[in-house]
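K.L.:
File start_12.pdb follows (PDB, C-alpha atoms):
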ATOM      1  CA  ALA J   1      16.251 -28.439 -40.559
ATOM      2  CA  GLY J   2      14.010 -25.862 -39.041
ATOM      3  CA  ALA J   3      14.077 -22.312 -37.751
ATOM      4  CA  GLY J   4      14.305 -21.273 -34.133
ATOM      5  CA  GLY J   5      14.554 -17.908 -32.434
ATOM      6  CA  ALA J   6      16.369 -14.944 -33.969
ATOM      7  CA  LEU J   7      17.949 -11.810 -32.533
ATOM      8  CA  SER J   8      18.206  -8.936 -35.008
ATOM      9  CA  PHE J   9      20.242  -5.735 -34.843
ATOM     10  CA  GLY J  10      18.799  -2.878 -36.866
ATOM     11  CA  GLN J  11      19.360   0.771 -37.668
ATOM     12  CA  TYR J  12      16.522   3.282 -37.538
ATOM     13  CA  HIS J  13      16.066   5.053 -40.856
ATOM     14  CA  THR J  14      13.002   6.914 -42.130
ATOM     15  CA  THR J  15      13.499   5.627 -45.701
ATOM     16  CA  TYR J  16      14.478   2.066 -44.745
ATOM     17  CA  PRO J  17      12.435   1.140 -41.667
ATOM     18  CA  ASN J  18      13.378  -2.564 -41.915
ATOM     19  CA  TRP J  19      17.120  -2.000 -42.147
ATOM     20  CA  ASN J  20      18.730  -5.121 -40.674
ATOM     21  CA  LEU J  21      22.431  -4.802 -39.870
ATOM     22  CA  ALA J  22      23.088  -8.205 -38.321
ATOM     23  CA  GLN J  23      21.279 -11.246 -37.013
ATOM     24  CA  ILE J  24      21.871 -14.224 -34.711
ATOM     25  CA  ASP J  25      19.690 -17.260 -35.383
ATOM     26  CA  GLY J  26      19.160 -20.408 -33.370
ATOM     27  CA  ILE J  27      18.247 -23.134 -35.866
ATOM     28  CA  ARG J  28      17.645 -26.857 -35.855
ATOM     29  CA  THR J  29      20.282 -28.570 -37.973
ATOM     30  CA  ASP J  30      19.471 -32.297 -37.944
ATOM     31  CA  THR J  31      16.608 -34.719 -37.434
ATOM     32  CA  SER J  32      17.118 -35.134 -33.687
ATOM     33  CA  TRP J  33      17.992 -32.478 -31.112
ATOM     34  CA  GLY J  34      20.955 -30.837 -32.826
ATOM     35  CA  GLY J  35      21.077 -27.090 -33.256
ATOM     36  CA  SER J  36      23.330 -24.319 -34.519
ATOM     37  CA  LEU J  37      23.913 -20.709 -33.609
ATOM     38  CA  VAL J  38      24.203 -18.797 -36.901
ATOM     39  CA  PHE J  39      25.701 -15.305 -37.239
ATOM     40  CA  LYS J  40      24.700 -13.181 -40.222
ATOM     41  CA  VAL J  41      25.489  -9.643 -41.387
ATOM     42  CA  ASN J  42      23.897  -7.392 -43.985
ATOM     43  CA  ASN J  43      25.533  -8.077 -47.353
ATOM     44  CA  ASN J  44      24.952  -4.519 -48.639
ATOM     45  CA  SER J  45      22.530  -5.608 -51.385
ATOM     46  CA  ALA J  46      19.283  -4.616 -49.692
ATOM     47  CA  GLU J  47      18.020  -3.485 -46.294
ATOM     48  CA  THR J  48      16.940  -6.978 -45.196
ATOM     49  CA  ASN J  49      19.417  -9.182 -47.100
ATOM     50  CA  SER J  50      21.979 -10.920 -44.914
ATOM     51  CA  THR J  51      24.795 -13.425 -45.388
ATOM     52  CA  GLU J  52      26.017 -16.063 -42.956
ATOM     53  CA  VAL J  53      29.553 -15.343 -41.702
ATOM     54  CA  ALA J  54      29.890 -17.907 -38.896
ATOM     55  CA  ARG J  55      28.129 -20.918 -37.368
ATOM     56  CA  ILE J  56      28.607 -22.748 -34.061
ATOM     57  CA  ASN J  57      27.308 -26.266 -33.411
ATOM     58  CA  LYS J  58      28.432 -29.555 -31.854
ATOM     59  CA  HIS J  59      31.180 -29.927 -34.471
ATOM     60  CA  GLY J  60      32.769 -26.535 -33.756
ATOM     61  CA  LEU J  61      32.985 -23.223 -35.622
ATOM     62  CA  THR J  62      32.581 -22.818 -39.402
ATOM     63  CA  PHE J  63      32.686 -19.728 -41.593
ATOM     64  CA  ASN J  64      30.874 -18.159 -44.567
ATOM     65  CA  GLY J  65      28.043 -20.655 -44.865
ATOM     66  CA  ASP J  66      30.212 -23.764 -44.690
ATOM     67  CA  THR J  67      28.381 -26.571 -42.858
ATOM     68  CA  ALA J  68      30.872 -29.421 -43.436
ATOM     69  CA  GLU J  69      31.824 -31.200 -40.214
ATOM     70  CA  ALA J  70      35.391 -31.765 -41.483
ATOM     71  CA  ASN J  71      35.931 -28.005 -41.848
ATOM     72  CA  ALA J  72      34.761 -27.060 -38.347
ATOM     73  CA  LEU J  73      37.305 -25.475 -36.017
ATOM     74  CA  ASP J  74      36.817 -27.554 -32.879
ATOM     75  CA  ASP J  75      39.747 -26.671 -30.634
ATOM     76  CA  TYR J  76      42.097 -23.871 -29.649
ATOM     77  CA  GLU J  77      44.552 -24.004 -26.793
ATOM     78  CA  GLU J  78      47.919 -22.741 -25.613
ATOM     79  CA  GLY J  79      50.209 -24.404 -23.116
ATOM     80  CA  THR J  80      53.610 -25.558 -21.987
ATOM     81  CA  PHE J  81      55.386 -28.903 -21.998
ATOM     82  CA  THR J  82      58.650 -30.390 -20.686
ATOM     83  CA  PRO J  83      60.787 -31.911 -23.466
ATOM     84  CA  ARG J  84      63.676 -34.274 -22.747
ATOM     85  CA  PHE J  85      66.201 -36.461 -24.539
ATOM     86  CA  LYS J  86      64.973 -40.035 -24.847
ATOM     87  CA  ASN J  87      67.294 -42.850 -23.675
ATOM     88  CA  ALA J  88      69.944 -40.284 -22.759
ATOM     89  CA  GLY J  89      71.051 -42.190 -19.662
ATOM     90  CA  SER J  90      70.316 -41.910 -15.970
ATOM     91  CA  SER J  91      73.145 -39.443 -15.363
ATOM     92  CA  VAL J  92      71.873 -36.719 -17.706
ATOM     93  CA  SER J  93      71.299 -33.457 -15.835
ATOM     94  CA  TYR J  94      68.922 -30.780 -17.116
ATOM     95  CA  SER J  95      69.172 -27.112 -16.297
ATOM     96  CA  GLU J  96      66.477 -26.057 -18.770
ATOM     97  CA  GLN J  97      63.523 -27.922 -20.319
ATOM     98  CA  SER J  98      61.054 -25.416 -21.735
ATOM     99  CA  GLY J  99      58.387 -25.929 -24.376
ATOM    100  CA  TYR J 100      55.505 -23.742 -25.546
ATOM    101  CA  TYR J 101      52.748 -24.647 -27.995
ATOM    102  CA  THR J 102      49.602 -23.377 -29.677
ATOM    103  CA  LYS J 103      47.007 -25.801 -31.059
ATOM    104  CA  VAL J 104      44.410 -24.639 -33.609
ATOM    105  CA  GLY J 105      42.094 -27.425 -34.748
ATOM    106  CA  ASP J 106      44.349 -30.410 -35.415
ATOM    107  CA  ILE J 107      47.513 -28.368 -36.103
ATOM    108  CA  VAL J 108      50.003 -27.691 -33.313
ATOM    109  CA  SER J 109      53.012 -25.381 -33.515
ATOM    110  CA  TYR J 110      55.698 -25.370 -30.835
ATOM    111  CA  THR J 111      59.088 -24.104 -29.800
ATOM    112  CA  LEU J 112      61.409 -25.678 -27.236
ATOM    113  CA  VAL J 113      64.827 -25.355 -25.673
ATOM    114  CA  ILE J 114      66.807 -28.007 -23.788
ATOM    115  CA  THR J 115      69.993 -27.345 -21.837
ATOM    116  CA  CYS J 116      71.721 -30.293 -20.194
ATOM    117  CA  GLY J 117      74.932 -32.202 -19.558
ATOM    118  CA  ASN J 118      76.227 -35.739 -18.959
ATOM    119  CA  ILE J 119      74.435 -37.382 -21.878
ATOM    120  CA  THR J 120      75.027 -41.109 -22.298
ATOM    121  CA  SER J 121      77.442 -42.533 -24.879
ATOM    122  CA  GLY J 122      75.143 -45.468 -25.685
ATOM    123  CA  SER J 123      74.074 -46.759 -29.088
ATOM    124  CA  SER J 124      70.479 -45.443 -29.024
ATOM    125  CA  ALA J 125      69.298 -42.854 -31.524
ATOM    126  CA  VAL J 126      69.376 -39.240 -30.359
ATOM    127  CA  GLN J 127      65.731 -38.320 -29.835
ATOM    128  CA  VAL J 128      63.604 -35.701 -28.077
ATOM    129  CA  GLU J 129      60.310 -36.848 -26.560
ATOM    130  CA  ASP J 130      57.308 -35.511 -24.622
ATOM    131  CA  LEU J 131      56.040 -33.091 -27.260
ATOM    132  CA  PRO J 132      52.532 -31.881 -26.358
ATOM    133  CA  PHE J 133      50.650 -34.308 -28.662
ATOM    134  CA  ASN J 134      51.269 -37.383 -30.785
ATOM    135  CA  ALA J 135      51.694 -36.779 -34.501
ATOM    136  CA  LYS J 136      49.027 -38.140 -36.824
ATOM    137  CA  ASN J 137      49.682 -41.705 -37.982
ATOM    138  CA  THR J 138      49.572 -41.686 -41.791
ATOM    139  CA  GLY J 139      52.570 -43.803 -42.813
ATOM    140  CA  VAL J 140      53.777 -41.022 -45.121
ATOM    141  CA  TYR J 141      53.431 -37.901 -42.998
ATOM    142  CA  TYR J 142      56.708 -37.071 -41.248
ATOM    143  CA  PRO J 143      56.961 -33.521 -39.855
ATOM    144  CA  VAL J 144      60.435 -31.963 -40.103
ATOM    145  CA  PRO J 145      61.355 -29.810 -37.078
ATOM    146  CA  SER J 146      63.760 -26.897 -37.491
ATOM    147  CA  ILE J 147      66.817 -27.373 -35.257
ATOM    148  CA  PHE J 148      69.406 -24.893 -33.988
ATOM    149  CA  ILE J 149      72.392 -26.265 -32.052
ATOM    150  CA  GLU J 150      73.340 -23.364 -29.805
ATOM    151  CA  GLN J 151      76.011 -25.036 -27.696
ATOM    152  CA  GLY J 152      77.877 -28.353 -27.590
ATOM    153  CA  PHE J 153      76.294 -31.377 -29.254
ATOM    154  CA  ASN J 154      79.177 -31.943 -31.645
ATOM    155  CA  ALA J 155      78.876 -35.290 -33.396
ATOM    156  CA  THR J 156      81.208 -37.442 -35.426
ATOM    157  CA  GLY J 157      80.463 -37.295 -39.142
ATOM    158  CA  VAL J 158      77.984 -34.437 -38.885
ATOM    159  CA  ALA J 159      80.159 -31.432 -39.784
ATOM    160  CA  ASN J 160      79.310 -31.435 -43.501
ATOM    161  CA  GLY J 161      75.717 -32.627 -43.349
ATOM    162  CA  GLY J 162      74.510 -30.664 -40.333
ATOM    163  CA  PHE J 163      71.599 -31.630 -38.122
ATOM    164  CA  THR J 164      68.043 -32.308 -39.203
ATOM    165  CA  ALA J 165      65.155 -34.312 -37.721
ATOM    166  CA  LEU J 166      61.968 -36.223 -38.448
ATOM    167  CA  GLN J 167      59.028 -36.673 -36.123
ATOM    168  CA  ILE J 168      57.780 -40.234 -35.704
ATOM    169  CA  ASP J 169      54.201 -41.062 -36.748
ATOM    170  CA  ASN J 170      51.737 -41.557 -33.879
ATOM    171  CA  SER J 171      54.384 -40.405 -31.421
ATOM    172  CA  ASP J 172      55.448 -37.404 -29.345
ATOM    173  CA  THR J 173      59.090 -37.972 -30.350
ATOM    174  CA  PHE J 174      61.428 -36.801 -33.088
ATOM    175  CA  THR J 175      64.774 -38.291 -34.147
ATOM    176  CA  PHE J 176      67.996 -36.477 -35.069
ATOM    177  CA  TYR J 177      69.622 -37.154 -38.446
ATOM    178  CA  THR J 178      72.502 -35.867 -40.501
ATOM    179  CA  GLN J 179      72.183 -35.507 -44.256
ATOM    180  CA  GLN J 180      74.973 -37.089 -46.255
ATOM    181  CA  ALA J 181      75.584 -37.684 -49.942
ATOM    182  CA  SER J 182      75.296 -41.344 -50.880
ATOM    183  CA  THR J 183      73.894 -43.639 -53.532
ATOM    184  CA  GLY J 184      71.112 -44.740 -51.190
ATOM    185  CA  ASN J 185      69.333 -42.787 -48.481
ATOM    186  CA  ASN J 186      70.868 -39.344 -48.035
ATOM    187  CA  TYR J 187      70.556 -39.385 -44.258
ATOM    188  CA  THR J 188      71.994 -41.145 -41.230
ATOM    189  CA  VAL J 189      70.500 -41.487 -37.769
ATOM    190  CA  ILE J 190      72.652 -39.791 -35.132
ATOM    191  CA  LEU J 191      73.445 -42.067 -32.185
ATOM    192  CA  TYR J 192      74.469 -40.980 -28.715
ATOM    193  CA  ASN J 193      77.846 -42.708 -29.130
ATOM    194  CA  MET J 194      78.512 -40.444 -32.138
ATOM    195  CA  LEU J 195      78.477 -37.423 -29.853
ATOM    196  CA  ASN J 196      81.954 -36.264 -28.968
ATOM    197  CA  THR J 197      82.530 -36.643 -25.245
ATOM    198  CA  GLY J 198      84.357 -34.180 -23.076
ATOM    199  CA  SER J 199      83.898 -30.484 -22.427
ATOM    200  CA  SER J 200      81.956 -29.921 -25.677
ATOM    201  CA  ASN J 201      79.079 -31.958 -24.297
ATOM    202  CA  THR J 202      79.091 -30.875 -20.666
ATOM    203  CA  ASN J 203      76.721 -28.040 -21.577
ATOM    204  CA  ILE J 204      74.414 -28.789 -24.498
ATOM    205  CA  ARG J 205      71.741 -26.370 -25.630
ATOM    206  CA  VAL J 206      69.329 -27.215 -28.452
ATOM    207  CA  ARG J 207      66.503 -25.028 -29.762
ATOM    208  CA  VAL J 208      63.729 -26.492 -31.924
ATOM    209  CA  THR J 209      60.654 -25.088 -33.667
ATOM    210  CA  GLY J 210      58.064 -27.317 -35.333
ATOM    211  CA  ILE J 211      54.548 -27.704 -36.634
ATOM    212  CA  TYR J 212      52.570 -30.893 -37.173
ATOM    213  CA  GLN J 213      49.129 -32.462 -37.481
ATOM    214  CA  VAL J 214      48.004 -34.261 -34.341
ATOM    215  CA  ALA J 215      46.623 -37.764 -34.084
TER     216      ALA J 215
END
When written as structure tokens, how does the structure in this file appear?
P.N.:
Amino acid sequence: AGAGGALSFGQYHTTYPNWNLAQIDGIRTDTSWGGSLVFKVNNNSAETNSTEVARINKHGLTFNGDTAEANALDDYEEGTFTPRFKNAGSSVSYSEQSGYYTKVGDIVSYTLVITCGNITSGSSAVQVEDLPFNAKNTGVYYPVPSIFIEQGFNATGVANGGFTALQIDNSDTFTFYTQQASTGNNYTVILYNMLNTGSSNTNIRVRVTGIYQVA
């Protein structure tokens, strides 16, 4: 590593003529062409003593002298997406499909609302798809969205256990479950044919908030 140009910000003082308040350095950070932009501030120990508070290079943004690639913040974005029920049948009609997300590094948080009617009565699992990113594929990492059933969506056998969900690894989809006491797994996948048909399902509104690590 080697030094490059530096831009210093000082304060005129008759007693401390070299008082350095802050500094931005351009430095070489590897054996080829790589470089970093390093931000330092006076650490209050002496007029010329400074401490690194941030660094920007090809890996992203790090803080407080950390140079580890794995710790670099390499992405920030906000956006919208259009969630929908998966395998809900060709007759399903949506009046609202709104999703909003914020992604910081490899963590995305989101909130969504779906309002619809005429859901199928088939035997597929009740799922929501088209989240903004696929979840990381770990084999053990299953994000758990928070679900609020605002209207309709009554289901046979769900009254006592309520609704919960798990997001599928390496997927933009999560599956609805109900939690039930048993000697085995304490959950059951909710199927579309478990939903009570009739007026209770002509207008369904579901609100979901979640956070997960992206692939």
K.L.:
Please write the residues picked by the PyMOL selection byres ((chain J and resi 134) around 7) on this file as a PyMOL selection string.
P.N.:
chain J and resi 133+135-136+170-172+214-215
K.L.:
The PyMOL selection byres ((chain J and resi 84) around 6) on the file shown: which residues, as number ranges by chain?
P.N.:
J: 83, 85, 128-129
K.L.:
Counting all atoms listed in the file, note down every residue that has an atom within 6 Å of the point (58.8, -28.7, -32.9) (file coordinates), as a ChimeraX atom specification.
P.N.:
/J:110-111,145,208-211
K.L.:
Expanded to explicit residues, what is the PyMOL selection byres ((chain J and resi 174) around 10) for this file, as an MDAnalysis selection string?
P.N.:
chainID J and resid 85:86 126:131 135 142:145 165:169 171:173 175:177
K.L.:
Which residue out of J:Val189, J:Arg205, J:Asn42, J:Val108 has the minimum interatomic distance to J:Ile147 when all atoms listed in the file are used?
P.N.:
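Among the listed residues, the smallest separation from J:Ile147 belongs to J:Arg205.
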K.L.:
At a cut-off of 10 Å around the point (18.9, -8.9, -34.4) (file coordinates), what residues fall inside when counting all atoms listed in the file? I'd like the answer as a CSV table (one decimal) with C-alpha atoms, in the frame of the given file.
P.N.:
chain,number,residue,atom,x,y,z
J,6,ALA,CA,16.4,-14.9,-34.0
J,7,LEU,CA,17.9,-11.8,-32.5
J,8,SER,CA,18.2,-8.9,-35.0
J,9,PHE,CA,20.2,-5.7,-34.8
J,10,GLY,CA,18.8,-2.9,-36.9
J,20,ASN,CA,18.7,-5.1,-40.7
J,21,LEU,CA,22.4,-4.8,-39.9
J,22,ALA,CA,23.1,-8.2,-38.3
J,23,GLN,CA,21.3,-11.2,-37.0
J,24,ILE,CA,21.9,-14.2,-34.7
J,25,ASP,CA,19.7,-17.3,-35.4
J,39,PHE,CA,25.7,-15.3,-37.2
J,40,LYS,CA,24.7,-13.2,-40.2
J,41,VAL,CA,25.5,-9.6,-41.4
K.L.:
Pick out the closest residue to J:Ser90 from this set: J:Gly122, J:Gly60, J:Gly152, J:Pro17. Count all atoms listed in the file.
P.N.:
J:Gly122
K.L.:
Just checking: using all atoms listed in the file, which residue out of J:Ile149, J:Leu195, J:Val92, J:Leu37 ends up closest to J:Val113?
P.N.:
J:Ile149
